[in-house]
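Enquirer: Sharing upload-v2.cif below, mmCIF, C-alpha atoms:
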```cif
data_coords
loop_
_atom_site.label_atom_id
_atom_site.label_comp_id
_atom_site.auth_asym_id
_atom_site.auth_seq_id
_atom_site.Cartn_x
_atom_site.Cartn_y
_atom_site.Cartn_z
CA MET A 237 21.01 -5.41 12.25
CA THR A 238 23.53 -2.94 10.85
CA LYS A 239 24.12 -2.68 7.14
CA ASN A 240 27.66 -4.00 7.43
CA ALA A 241 26.59 -7.02 9.44
CA MET A 242 23.98 -7.77 6.80
CA LYS A 243 26.53 -7.58 4.01
CA LYS A 244 28.64 -10.19 5.81
CA MET A 245 25.66 -12.47 6.26
CA LYS A 246 25.34 -15.60 4.20
CA ALA A 247 23.04 -15.00 1.24
CA SER A 248 21.10 -18.11 2.23
CA ASP A 249 20.44 -16.66 5.72
CA LEU A 250 19.28 -13.41 4.17
CA ILE A 251 16.62 -15.26 2.19
CA ASP A 252 15.70 -17.33 5.22
CA ARG A 253 14.94 -14.09 7.09
CA ASN A 254 12.66 -12.79 4.35
CA PHE A 255 11.84 -15.07 1.44
CA HIS A 256 10.45 -12.19 -0.63
CA LEU A 257 14.07 -11.37 -1.38
CA ILE A 258 14.27 -14.44 -3.63
CA GLY A 259 12.51 -12.37 -6.28
CA VAL A 260 14.74 -9.35 -5.76
CA MET A 261 17.89 -11.46 -6.06
CA SER A 262 16.77 -13.31 -9.13
CA ARG A 263 15.88 -10.03 -10.87
CA MET A 264 19.42 -8.83 -10.20
CA GLY A 265 20.81 -11.96 -11.81
CA MET A 266 21.83 -13.60 -8.54
CA SER A 267 20.65 -17.08 -9.37
CA LEU A 268 20.11 -19.70 -6.68
CA GLY A 269 22.68 -22.39 -5.95
CA PHE A 270 25.11 -19.83 -4.56
CA GLY A 271 26.48 -22.14 -1.83
CA GLU A 272 27.85 -20.43 1.26
CA ALA A 273 28.57 -17.09 -0.41
CA SER A 274 28.07 -13.96 1.67
CA VAL A 275 25.77 -11.20 0.50
CA LEU A 276 28.76 -9.02 -0.30
CA GLU A 277 30.52 -11.75 -2.29
CA LEU A 278 27.37 -12.45 -4.25
CA CYS A 279 26.93 -8.77 -5.06
CA ARG A 280 30.51 -8.55 -6.31
CA ARG A 281 30.14 -11.69 -8.36
CA HIS A 282 27.11 -10.31 -10.17
CA GLY A 283 28.28 -6.72 -10.47
CA VAL A 284 25.54 -5.43 -8.17
CA ASP A 285 26.25 -2.40 -6.00
CA ALA A 286 26.05 -3.76 -2.44
CA ASP A 287 24.70 -0.54 -0.87
CA THR A 288 21.90 -0.37 -3.40
CA PHE A 289 21.05 -4.00 -2.78
CA MET A 290 21.03 -3.45 1.00
CA LEU A 291 18.73 -0.44 0.67
CA ILE A 292 16.30 -2.48 -1.44
CA CYS A 293 16.41 -5.28 1.16
CA ASP A 294 15.65 -2.66 3.80
CA VAL A 295 12.48 -1.61 1.94
CA TYR A 296 11.40 -5.26 1.83
CA ASP A 297 12.05 -5.61 5.56
CA SER A 298 10.14 -2.47 6.56
CA PRO A 299 6.43 -1.81 6.98
CA ASP A 300 4.55 0.16 4.31
CA GLY A 301 5.19 3.86 4.27
CA TYR A 302 8.94 3.27 4.31
CA VAL A 303 11.11 6.36 4.48
CA PRO A 304 14.86 5.84 4.13
CA LEU A 305 17.28 7.86 6.19
CA LYS A 306 18.93 10.74 4.32
CA GLU A 307 22.32 9.10 4.91
CA ALA A 308 21.13 5.85 3.35
CA LEU A 309 20.46 7.74 0.13
CA ASP A 310 24.01 9.12 0.14
CA SER A 311 25.52 5.74 -0.56
CA VAL A 312 23.38 4.73 -3.53
CA ASN A 313 23.21 6.17 -6.97
CA ALA A 314 20.20 6.71 -9.15
CA ALA A 315 21.63 4.67 -12.03
CA ASP A 316 21.71 1.49 -9.91
CA ILE A 317 18.17 2.06 -8.67
CA VAL A 318 16.91 2.65 -12.21
CA ARG A 319 18.69 -0.49 -13.36
CA TYR A 320 16.89 -2.47 -10.66
CA LEU A 321 13.52 -0.90 -11.45
CA ARG A 322 13.89 -1.76 -15.15
CA LEU A 323 14.67 -5.39 -14.27
CA SER A 324 11.74 -5.40 -11.92
CA HIS A 325 9.41 -4.13 -14.67
CA SER A 326 10.51 -6.93 -16.99
CA TYR A 327 9.86 -9.43 -14.23
CA TYR A 328 6.28 -8.17 -13.85
CA THR A 329 5.50 -8.01 -17.56
CA ASP A 330 7.34 -11.11 -18.74
CA SER A 331 6.80 -13.38 -15.78
CA ALA A 332 4.41 -12.42 -12.96
CA LEU A 333 1.56 -11.07 -15.10
CA VAL A 334 1.89 -13.88 -17.63
CA ALA A 335 1.66 -16.50 -14.88
CA LEU A 336 -1.28 -14.71 -13.25
CA ALA A 337 -3.11 -14.40 -16.58
CA ALA A 338 -2.69 -18.12 -17.25
CA ALA A 339 -3.90 -19.00 -13.74
CA ILE A 340 -6.96 -16.75 -14.06
CA GLU A 341 -7.79 -18.19 -17.47
CA LYS A 342 -7.65 -21.71 -16.06
CA MET A 343 -9.70 -20.75 -13.02
CA LEU A 344 -12.43 -19.26 -15.19
CA VAL A 345 -12.87 -22.29 -17.46
CA PRO A 346 -15.85 -23.76 -15.52
CA CYS A 347 -17.61 -20.36 -15.29
CA GLY A 348 -20.39 -19.28 -17.58
CA GLU A 349 -19.55 -17.01 -20.49
CA SER A 350 -20.71 -13.79 -18.80
CA TYR A 351 -18.81 -14.33 -15.54
CA ARG A 352 -15.73 -15.22 -17.50
CA LYS A 353 -15.99 -12.03 -19.52
CA ILE A 354 -16.59 -9.82 -16.48
CA ILE A 355 -13.67 -11.09 -14.41
CA TRP A 356 -11.32 -11.34 -17.36
CA LYS A 357 -12.09 -7.79 -18.42
CA PHE A 358 -11.35 -6.46 -14.92
CA PHE A 359 -8.01 -8.26 -14.89
CA SER A 360 -7.00 -7.25 -18.39
CA ASP A 361 -7.92 -3.60 -17.73
CA TYR A 362 -5.78 -3.72 -14.61
CA LYS A 363 -2.94 -5.34 -16.53
CA ASP A 364 -3.17 -2.68 -19.25
CA GLU A 365 -3.11 0.11 -16.67
CA LEU A 366 -0.08 -1.41 -14.98
CA GLU A 367 1.78 -1.89 -18.24
CA ARG A 368 0.95 1.65 -19.37
CA HIS A 369 2.33 2.92 -16.07
CA PHE A 370 5.55 0.93 -16.56
CA GLU A 371 5.80 2.20 -20.11
CA PHE A 372 5.43 5.78 -18.95
CA GLU A 373 8.29 5.30 -16.52
CA GLU A 374 10.45 3.53 -19.10
CA LEU A 375 9.84 6.22 -21.73
CA HIS A 376 9.83 9.35 -19.59
CA VAL A 377 11.14 8.88 -16.07
CA PHE A 378 14.13 6.56 -16.47
CA PRO A 379 15.58 8.31 -19.55
CA TYR A 380 15.20 11.60 -17.67
CA VAL A 381 17.29 10.17 -14.82
CA ASP A 382 19.87 8.98 -17.36
CA ALA A 383 19.96 12.48 -18.85
CA LEU A 384 20.33 14.11 -15.43
CA LEU A 385 23.19 11.75 -14.63
CA SER A 386 24.99 12.46 -17.88
CA GLY A 387 24.39 16.18 -17.48
CA THR A 388 22.46 16.63 -20.74
CA VAL A 389 19.54 18.17 -18.89
CA SER A 390 19.47 20.17 -15.70
CA GLY A 391 17.01 21.98 -13.53
CA LYS A 392 13.73 21.06 -12.07
CA GLY A 393 10.32 19.70 -12.82
CA GLY A 394 11.14 16.94 -15.26
CA VAL A 395 9.04 14.32 -13.55
CA ALA A 396 5.48 14.46 -12.36
CA ASN A 397 4.73 12.80 -9.08
CA LEU A 398 4.28 9.07 -9.58
CA GLU A 399 2.33 8.42 -6.40
CA GLU A 400 -1.09 9.08 -7.88
CA GLY A 401 -0.68 6.30 -10.46
CA HIS A 402 0.73 3.99 -7.83
CA HIS A 403 -2.28 4.57 -5.67
CA SER A 404 -4.78 3.53 -8.33
CA ILE A 405 -2.72 0.45 -9.24
CA GLY A 406 -2.59 -0.60 -5.60
CA GLU A 407 -6.35 -0.23 -5.19
CA LYS A 408 -7.18 -2.26 -8.28
CA ILE A 409 -5.11 -5.26 -7.28
CA GLY A 410 -6.68 -5.07 -3.82
CA ASP A 411 -10.07 -5.24 -5.52
CA LEU A 412 -9.01 -8.20 -7.65
CA LYS A 413 -7.97 -9.96 -4.46
CA ASN A 414 -11.34 -9.35 -2.80
CA ILE A 415 -13.31 -10.33 -5.90
CA VAL A 416 -11.46 -13.63 -6.24
CA MET A 417 -11.51 -14.37 -2.52
CA LYS A 418 -15.11 -13.47 -1.77
CA TYR A 419 -17.19 -13.51 -4.92
CA ILE A 420 -15.74 -16.11 -7.25
CA PRO A 421 -18.51 -18.43 -8.50
CA ALA A 422 -18.62 -21.74 -6.65
CA VAL A 423 -18.20 -23.77 -9.84
CA CYS A 424 -14.51 -22.83 -10.01
CA ASP A 425 -11.99 -25.39 -8.80
CA GLY A 426 -10.75 -24.58 -5.29
CA ALA A 427 -7.12 -25.33 -6.07
CA ASP A 428 -7.22 -23.08 -9.15
CA VAL A 429 -8.74 -20.23 -7.17
CA GLN A 430 -6.13 -20.66 -4.45
CA LYS A 431 -3.34 -20.50 -6.99
CA VAL A 432 -4.70 -17.25 -8.42
CA LEU A 433 -5.01 -15.83 -4.93
CA PHE A 434 -1.41 -16.71 -4.07
CA TYR A 435 -0.19 -15.03 -7.25
CA VAL A 436 -2.30 -11.95 -6.54
CA TYR A 437 -1.06 -11.68 -2.94
CA TYR A 438 2.53 -12.05 -4.03
CA LEU A 439 2.18 -9.52 -6.83
CA GLU A 440 0.37 -7.07 -4.56
CA SER A 441 3.03 -7.17 -1.87
CA ASP A 442 5.89 -7.04 -4.37
CA LEU A 443 4.36 -4.12 -6.25
CA ALA A 444 3.91 -2.26 -2.96
CA LYS A 445 7.65 -2.60 -2.35
CA HIS A 446 8.43 -1.68 -5.95
CA THR A 447 6.40 1.52 -5.73
CA ALA A 448 7.92 2.31 -2.32
CA ILE A 449 11.35 2.14 -3.98
CA GLU A 450 10.17 4.57 -6.67
CA ASP A 451 8.40 6.98 -4.33
CA SER A 452 10.81 7.07 -1.43
CA ILE A 453 14.17 6.32 -3.05
CA LEU A 454 14.09 7.24 -6.72
CA MET A 455 12.07 10.47 -6.35
CA PRO A 456 14.34 11.92 -3.62
CA LEU A 457 17.37 10.93 -5.72
CA ILE A 458 15.88 12.78 -8.70
CA ASP A 459 15.36 15.82 -6.44
CA ARG A 460 18.99 15.68 -5.45
CA LEU A 461 20.14 15.43 -9.06
CA GLU A 462 17.92 18.34 -10.04
CA ASN A 463 19.49 20.37 -7.26
CA GLY A 464 22.91 19.59 -8.61
CA GLN A 465 23.98 17.06 -5.98
CA LYS A 466 25.37 13.77 -7.16
CA MET B 157 -0.08 -14.04 17.99
CA ALA B 158 0.16 -14.41 14.23
CA ARG B 159 1.36 -11.23 12.55
CA SER B 160 -1.76 -10.99 10.43
CA ASN B 161 -4.07 -11.04 13.47
CA ARG B 162 -2.40 -8.07 15.02
CA LYS B 163 -4.27 -4.80 14.83
CA LYS B 164 -2.86 -2.57 12.11
CA THR B 165 -1.52 0.66 13.49
CA LEU B 166 -0.80 3.74 11.42
CA LEU B 167 1.70 6.16 12.92
CA VAL B 168 1.35 9.85 12.10
CA ILE B 169 4.46 11.08 13.83
CA PRO B 170 7.03 13.63 12.66
CA SER B 171 9.86 12.26 14.78
CA MET B 172 11.53 9.20 13.31
CA ILE B 173 12.98 8.37 16.73
CA VAL B 174 9.57 8.30 18.36
CA ALA B 175 7.97 6.44 15.45
CA ARG B 176 10.64 3.75 15.37
CA GLY B 177 10.51 3.49 19.16
CA ILE B 178 6.78 2.84 19.15
CA GLU B 179 7.17 0.42 16.26
CA SER B 180 9.66 -1.66 18.20
CA ILE B 181 7.57 -1.64 21.39
CA LEU B 182 4.54 -2.82 19.43
CA ALA B 183 6.57 -5.46 17.63
CA GLU B 184 7.71 -6.89 20.95
CA ALA B 185 4.36 -6.74 22.69
CA GLY B 186 2.28 -8.39 19.97
CA GLU B 187 -1.42 -7.48 19.58
CA PHE B 188 -0.62 -4.39 17.49
CA ARG B 189 1.71 -3.89 14.56
CA VAL B 190 2.77 -0.83 12.63
CA SER B 191 1.29 -1.00 9.14
CA GLY B 192 2.43 2.42 8.01
CA MET B 193 4.28 5.55 9.00
CA ILE B 194 3.51 9.11 8.00
CA SER B 195 5.76 11.96 9.07
CA ASP B 196 3.79 14.95 7.80
CA LEU B 197 0.46 15.85 6.24
CA SER B 198 1.62 16.39 2.67
CA PRO B 199 -1.09 15.82 0.05
CA ALA B 200 0.37 12.40 -0.75
CA ASN B 201 0.28 11.42 2.90
CA VAL B 202 -3.26 12.70 3.33
CA ASN B 203 -4.18 10.47 0.42
CA ARG B 204 -2.53 7.58 2.23
CA LEU B 205 -4.53 8.42 5.35
CA LYS B 206 -7.77 8.46 3.40
CA ASN B 207 -7.07 5.00 2.10
CA THR B 208 -5.63 3.44 5.19
CA ASP B 209 -6.91 0.07 6.26
CA ALA B 210 -5.45 0.59 9.74
CA ASP B 211 -7.45 -0.36 12.84
CA ILE B 212 -6.05 2.51 14.87
CA ILE B 213 -4.06 5.67 14.30
CA VAL B 214 -1.41 6.97 16.68
CA VAL B 215 -0.80 10.66 16.12
CA ASP B 216 1.61 13.18 17.50
CA PRO B 217 -0.60 16.31 17.47
CA SER B 218 2.43 18.46 16.68
CA VAL B 219 2.03 17.22 13.10
CA PHE B 220 -0.78 19.80 12.95
CA ASP B 221 0.06 23.47 13.08
CA ALA B 222 -0.95 25.32 16.23
CA GLY B 223 -4.08 26.76 14.62
CA SER B 224 -5.62 23.47 13.57
CA ARG B 225 -4.50 21.42 16.54
CA ALA B 226 -7.68 22.03 18.49
CA ASN B 227 -9.72 20.42 15.71
CA ALA B 228 -7.16 17.77 14.82
CA ARG B 229 -9.35 14.84 15.80
CA ALA B 230 -12.19 16.06 13.57
CA VAL B 231 -9.78 16.57 10.68
CA LEU B 232 -8.51 13.02 11.08
CA ALA B 233 -12.08 11.71 11.28
CA GLU B 234 -12.72 13.21 7.85
CA TYR B 235 -9.80 11.27 6.44
CA ALA B 236 -10.24 7.95 8.19
CA ASP B 237 -12.99 6.50 10.33
CA VAL B 238 -10.80 4.78 12.93
CA PRO B 239 -9.97 5.36 16.59
CA VAL B 240 -7.12 7.79 17.21
CA ALA B 241 -4.66 7.78 20.10
CA ALA B 242 -2.55 10.90 20.67
CA ILE B 243 0.98 11.08 21.96
CA GLU B 244 1.60 13.75 24.52
CA SER B 245 5.00 14.83 23.28
CA ALA B 246 5.17 18.61 23.54
CA VAL B 247 3.34 20.78 26.01
CA MET B 248 -0.33 20.54 25.12
CA ASP B 249 -3.36 21.69 27.02
CA GLU B 250 -5.69 19.11 28.46
CA ASP B 251 -8.64 20.33 26.44
CA SER B 252 -7.04 19.58 23.13
CA LEU B 253 -6.01 16.13 24.30
CA ARG B 254 -9.56 15.31 25.38
CA GLN B 255 -10.68 14.92 21.78
CA TYR B 256 -8.70 11.69 21.34
CA ASP B 257 -9.75 8.13 22.11
CA ALA B 258 -6.59 7.66 24.18
CA VAL B 259 -3.59 9.72 25.22
CA ILE B 260 -0.20 8.09 25.44
CA ASN B 261 2.48 9.72 27.54
CA MET B 262 6.12 9.51 26.48
CA TYR B 263 6.95 8.01 29.88
CA ASP B 264 4.29 5.30 29.78
CA SER B 265 5.53 1.76 30.23
CA PRO B 266 5.02 -0.49 27.19
CA SER B 267 2.22 -2.36 28.97
CA ALA B 268 0.44 0.88 29.92
CA MET B 269 0.67 2.01 26.31
CA ILE B 270 -0.76 -1.27 24.97
CA LYS B 271 -3.60 -1.06 27.48
CA LYS B 272 -4.51 2.42 26.29
CA LEU B 273 -4.36 1.39 22.65
CA ARG B 274 -6.53 -1.63 23.40
CA GLY B 275 -9.15 0.61 25.02
CA ALA B 276 -9.11 3.02 22.07
CA ALA B 277 -9.33 0.22 19.51
CA ALA B 278 -12.32 -1.28 21.34
CA SER B 279 -14.13 2.06 21.24
CA GLY B 280 -14.06 1.91 17.46
CA GLN B 281 -15.51 -1.57 17.26
CA ASP B 282 -18.92 -0.64 18.64
CA GLU B 283 -19.60 1.63 15.70
CA SER B 284 -18.51 -0.83 13.06
CA LYS B 285 -20.27 -3.89 14.34
CA ASP B 286 -22.21 -4.16 11.09
CA GLU B 287 -18.96 -4.98 9.33
CA GLY B 288 -19.07 -8.29 7.52
CA SER B 289 -22.82 -8.13 7.00
CA GLU B 290 -24.55 -7.99 3.65
CA LEU B 291 -25.28 -4.76 1.82
CA SER B 292 -28.57 -3.09 2.72
CA THR B 293 -31.19 -2.46 0.05
CA ARG B 294 -30.31 1.22 -0.11
CA GLU B 295 -26.62 0.38 -0.38
CA LYS B 296 -27.37 -1.96 -3.27
CA GLU B 297 -29.26 0.84 -5.03
CA ILE B 298 -26.34 3.22 -4.56
CA LEU B 299 -23.93 0.54 -5.76
CA VAL B 300 -25.95 0.06 -8.93
CA GLY B 301 -25.77 3.81 -9.49
CA VAL B 302 -22.01 3.81 -9.06
CA ALA B 303 -21.55 0.75 -11.27
CA THR B 304 -23.62 2.21 -14.07
CA GLY B 305 -21.48 5.33 -14.05
CA LEU B 306 -23.74 7.84 -12.27
CA LEU B 307 -22.16 10.75 -10.41
CA ASN B 308 -22.81 11.20 -6.69
CA LYS B 309 -25.04 14.17 -7.47
CA GLU B 310 -27.10 12.13 -9.94
CA ILE B 311 -27.50 9.29 -7.44
CA ALA B 312 -28.54 11.78 -4.75
CA ASP B 313 -31.18 13.31 -7.04
CA LYS B 314 -32.47 9.92 -8.10
CA TYR B 315 -33.15 8.79 -4.52
CA ASN B 316 -33.89 12.22 -3.12
CA ILE B 317 -31.07 12.12 -0.58
CA SER B 318 -28.11 14.42 0.00
CA VAL B 319 -24.74 13.98 -1.69
CA TYR B 320 -23.29 13.63 1.77
CA THR B 321 -25.55 10.62 2.44
CA VAL B 322 -24.50 9.08 -0.88
CA ILE B 323 -20.86 9.45 0.16
CA THR B 324 -21.57 7.82 3.54
CA HIS B 325 -23.28 4.91 1.80
CA ARG B 326 -20.36 4.57 -0.60
CA LYS B 327 -17.92 4.47 2.32
CA ASN B 328 -19.97 1.70 3.94
CA ILE B 329 -20.14 -0.25 0.68
CA VAL B 330 -16.34 -0.11 0.44
CA LYS B 331 -16.05 -1.15 4.08
CA LYS B 332 -18.34 -4.13 3.66
CA THR B 333 -17.09 -5.40 0.31
CA GLY B 334 -13.44 -4.39 0.62
CA ILE B 335 -13.68 -3.14 -2.97
CA LYS B 336 -12.52 0.41 -3.57
CA THR B 337 -12.49 1.21 -7.28
CA VAL B 338 -15.48 1.88 -9.48
CA ALA B 339 -14.29 -0.85 -11.86
CA GLY B 340 -14.13 -3.31 -8.95
CA LEU B 341 -17.58 -2.31 -7.68
CA THR B 342 -18.97 -2.82 -11.17
CA VAL B 343 -17.59 -6.36 -11.16
CA TYR B 344 -19.18 -6.92 -7.75
CA ALA B 345 -22.56 -5.67 -9.00
CA LEU B 346 -22.34 -7.88 -12.09
CA LEU B 347 -21.28 -11.00 -10.21
CA ASN B 348 -24.11 -10.51 -7.73
CA ASN B 349 -26.63 -9.96 -10.53
CA LEU B 350 -27.44 -6.44 -9.36
CA ILE B 351 -26.93 -5.15 -12.88
CA ASP B 352 -26.95 -6.62 -16.33
CA ILE B 353 -23.77 -6.63 -18.38
CA ASN B 354 -25.63 -4.86 -21.21
CA SER B 355 -26.41 -1.89 -18.98
CA ILE B 356 -22.76 -0.86 -18.85
CA GLU B 357 -21.66 -1.55 -22.37
#
```
When written as structure tokens, how does the structure in this file appear?
Expert:
Amino acid sequence: MTKNAMKKMKASDLIDRNFHLIGVMSRMGMSLGFGEASVLELCRRHGVDADTFMLICDVYDSPDGYVPLKEALDSVNAADIVRYLRLSHSYYTDSALVALAAAIEKMLVPCGESYRKIIWKFFSDYKDELERHFEFEELHVFPYVDALLSGTVSGKGGVANLEEGHHSIGEKIGDLKNIVMKYIPAVCDGADVQKVLFYVYYLESDLAKHTAIEDSILMPLIDRLENGQK
Amino acid sequence: MARSNRKKTLLVIPSMIVARGIESILAEAGEFRVSGMISDLSPANVNRLKNTDADIIVVDPSVFDAGSRANARAVLAEYADVPVAAIESAVMDEDSLRQYDAVINMYDSPSAMIKKLRGAAASGQDESKDEGSELSTREKEILVGVATGLLNKEIADKYNISVYTVITHRKNIVKKTGIKTVAGLTVYALLNNLIDINSIE
């Protein structure tokens, strides 16, 4: 479907095509109960740049290893992408990780002390690593983009490649998934384990999209800014 | 066929037109689905290759420079232990195409292409038939070494085997357990009572 046709689509149909976009929309402040509004109308209503929103939807619709067309990058600006990424970080820290932590804690109640400690430690180390990674981006990458946009810095080399960190984060959550799925002690309640697994799957797939946006949209936009293109 | 049952296919193809074309043919035909696309062999992409969970790789050999093209299959085998189908896109000699598990021609019909991919994917299954089985005793020993923080060299010395063998065992451990990080393998070893929590603290 072309970008323009998608903009004219009803927002409800957009979600029906790919329900993972519920999270994206809610992060951008587009709360549910939007009636028959089109995607474009909804973007306008919430002050969201429609081209940026469409590009993010495109990442969610594409297989891993997404590479946007050069032209698609022409119509978005780094400030909008950074704004989305910041909102996305708050969603992970304030909502997704909190819910996952609570679900894991509940799941581990019937386990013996040592199992509980082992699994909990793996999760909390992962959570720390993820939050440190977010913090690094919030403190170093995003302000650097702001500075490039406002012209207070120029030139090259301000940002190290983020992919390495993304790789390790992706592997750890994959491990958490396998540990819970395959090796969780049988004393745990099946419904509790299932709930944890759903949260982990959702977080894993959403983080993969989040990092794809950083690696294949934000990084090329930073390159462009460093080369003096707006 | 449910999406998740389809064989995961990693495309290593410089041309976006070709890559998207194959993606759409696979999407229509079922059986295979594109799980990733790589357009060049940058260090980041090589990293992606090394960690791919794909069942089959489809490569356009022109992604390799002329010098390394003759050994391309061996290079890919170092990165990922999966069957590889090549696309015959530019003029390539028959010898260099012979190294692949299948060769797809640009003018193949979709059904011919699927048939070739199916054949290539099946060739990989013979070698990995131990997948899903338990860890062997030696693998458990290696795992304990990894979980307690030993380096490959130290593990090799301890069991009097080569570092290369240690690496092969580690690859198989990852394949069997699905766990990739040292932290995750430590949890596995603890949960399966292979090590004691006090031995890592």
Enquirer: Take the point (8.0, -1.5, -18.6) in the file's coordinates, draw a sphere of radius 12 Å around it, and report as a short mmCIF file (atom, residue, chain, number, x, y, z; two decimals) with C-alpha atoms, in the frame of the given file every protein, DNA or RNA residue with an atom inside or on it, counting only C-alpha atoms.
Expert:
```cif
data_model
loop_
_atom_site.label_atom_id
_atom_site.label_comp_id
_atom_site.auth_asym_id
_atom_site.auth_seq_id
_atom_site.Cartn_x
_atom_site.Cartn_y
_atom_site.Cartn_z
CA VAL A 318 16.91 2.65 -12.21
CA ARG A 319 18.69 -0.49 -13.36
CA TYR A 320 16.89 -2.47 -10.66
CA LEU A 321 13.52 -0.90 -11.45
CA ARG A 322 13.89 -1.76 -15.15
CA LEU A 323 14.67 -5.39 -14.27
CA SER A 324 11.74 -5.40 -11.92
CA HIS A 325 9.41 -4.13 -14.67
CA SER A 326 10.51 -6.93 -16.99
CA TYR A 327 9.86 -9.43 -14.23
CA TYR A 328 6.28 -8.17 -13.85
CA THR A 329 5.50 -8.01 -17.56
CA ASP A 330 7.34 -11.11 -18.74
CA LYS A 363 -2.94 -5.34 -16.53
CA ASP A 364 -3.17 -2.68 -19.25
CA GLU A 365 -3.11 0.11 -16.67
CA LEU A 366 -0.08 -1.41 -14.98
CA GLU A 367 1.78 -1.89 -18.24
CA ARG A 368 0.95 1.65 -19.37
CA HIS A 369 2.33 2.92 -16.07
CA PHE A 370 5.55 0.93 -16.56
CA GLU A 371 5.80 2.20 -20.11
CA PHE A 372 5.43 5.78 -18.95
CA GLU A 373 8.29 5.30 -16.52
CA GLU A 374 10.45 3.53 -19.10
CA LEU A 375 9.84 6.22 -21.73
CA HIS A 376 9.83 9.35 -19.59
CA VAL A 377 11.14 8.88 -16.07
CA PHE A 378 14.13 6.56 -16.47
#
```
Enquirer: Can you list, as a PyMOL selection string, every protein, DNA or RNA residue that comes within 10 Å of Met261 in chain A when you count only C-alpha atoms, leaving out same-chain residues fewer than 3 positions away?
Expert: chain A and resi 247+251+256-258+264-268+278-279+284+289+293
Enquirer: What residues in chain A lie within 6 Å of chain B, counting only C-alpha atoms, written as a list in words?
Expert: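 Residues satisfying the distance criterion: Pro299, Asp300, Gly301 and Asp411 of chain A.
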Enquirer: On this structure, which residues satisfy the PyMOL selection byres ((chain A and resi 437) around 12), written as a PyMOL selection string?
Expert: chain A and resi 256+332+336+406+409-414+416-417+430-436+438-444
Enquirer: Assuming the chain letters and numbering stay as they are in my file, what does the PyMOL selection byres ((chain B and resi 290) around 12) actually select? List them as a PDB file with C-alpha atoms, in the coordinates of the input.
Expert:
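New file result-v5.pdb:
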```pdb
ATOM      1  CA  ASP B 286     -22.210  -4.160  11.090  1.00  0.00           C
ATOM      2  CA  GLU B 287     -18.960  -4.980   9.330  1.00  0.00           C
ATOM      3  CA  GLY B 288     -19.070  -8.290   7.520  1.00  0.00           C
ATOM      4  CA  SER B 289     -22.820  -8.130   7.000  1.00  0.00           C
ATOM      5  CA  LEU B 291     -25.280  -4.760   1.820  1.00  0.00           C
ATOM      6  CA  SER B 292     -28.570  -3.090   2.720  1.00  0.00           C
ATOM      7  CA  THR B 293     -31.190  -2.460   0.050  1.00  0.00           C
ATOM      8  CA  ARG B 294     -30.310   1.220  -0.110  1.00  0.00           C
ATOM      9  CA  GLU B 295     -26.620   0.380  -0.380  1.00  0.00           C
ATOM     10  CA  LYS B 296     -27.370  -1.960  -3.270  1.00  0.00           C
ATOM     11  CA  ASN B 328     -19.970   1.700   3.940  1.00  0.00           C
ATOM     12  CA  ILE B 329     -20.140  -0.250   0.680  1.00  0.00           C
ATOM     13  CA  VAL B 330     -16.340  -0.110   0.440  1.00  0.00           C
ATOM     14  CA  LYS B 331     -16.050  -1.150   4.080  1.00  0.00           C
ATOM     15  CA  LYS B 332     -18.340  -4.130   3.660  1.00  0.00           C
ATOM     16  CA  THR B 333     -17.090  -5.400   0.310  1.00  0.00           C
ATOM     17  CA  ASN B 348     -24.110 -10.510  -7.730  1.00  0.00           C
TER      18      ASN B 348
END
```
Enquirer: Identify the residues within 10 Å of coordinate (9.2, 3.6, 23.0) (same frame as the file), considering only C-alpha atoms, and give the answer as a list in words.
Expert: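 Applying the cut-off with only C-alpha atoms, one gets Ile173, Val174, Ala175, Arg176, Gly177, Ile178, Glu179, Ser180, Ile181, Leu182, Met262, Tyr263, Asp264, Ser265, Pro266 and Met269 of chain B.
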Enquirer: Go ahead and compute the interatomic distance for CA of Ile212 in chain B and CA of Tyr296 in chain A, in Å to one decimal.
Expert: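 We find that CA of Ile212 in chain B and CA of Tyr296 in chain A lie 23.1 Å from each other.
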Enquirer: Would you kindly translate the PyMOL selection byres ((chain B and resi 322) around 12) into the concrete residues it picks from this file, as a compact mmCIF listing (two decimals) with C-alpha atoms, keeping the file's coordinate frame?
Expert:
```
# COMPACT_ATOMS: atom_id res chain seq x y z
CA ARG B 294 -30.31 1.22 -0.11
CA GLU B 295 -26.62 0.38 -0.38
CA LYS B 296 -27.37 -1.96 -3.27
CA GLU B 297 -29.26 0.84 -5.03
CA ILE B 298 -26.34 3.22 -4.56
CA LEU B 299 -23.93 0.54 -5.76
CA GLY B 301 -25.77 3.81 -9.49
CA VAL B 302 -22.01 3.81 -9.06
CA LEU B 306 -23.74 7.84 -12.27
CA LEU B 307 -22.16 10.75 -10.41
CA ASN B 308 -22.81 11.20 -6.69
CA LYS B 309 -25.04 14.17 -7.47
CA GLU B 310 -27.10 12.13 -9.94
CA ILE B 311 -27.50 9.29 -7.44
CA ALA B 312 -28.54 11.78 -4.75
CA ASP B 313 -31.18 13.31 -7.04
CA LYS B 314 -32.47 9.92 -8.10
CA TYR B 315 -33.15 8.79 -4.52
CA ASN B 316 -33.89 12.22 -3.12
CA ILE B 317 -31.07 12.12 -0.58
CA SER B 318 -28.11 14.42 0.00
CA VAL B 319 -24.74 13.98 -1.69
CA TYR B 320 -23.29 13.63 1.77
CA THR B 321 -25.55 10.62 2.44
CA ILE B 323 -20.86 9.45 0.16
CA THR B 324 -21.57 7.82 3.54
CA HIS B 325 -23.28 4.91 1.80
CA ARG B 326 -20.36 4.57 -0.60
CA LYS B 327 -17.92 4.47 2.32
CA ASN B 328 -19.97 1.70 3.94
CA ILE B 329 -20.14 -0.25 0.68
```
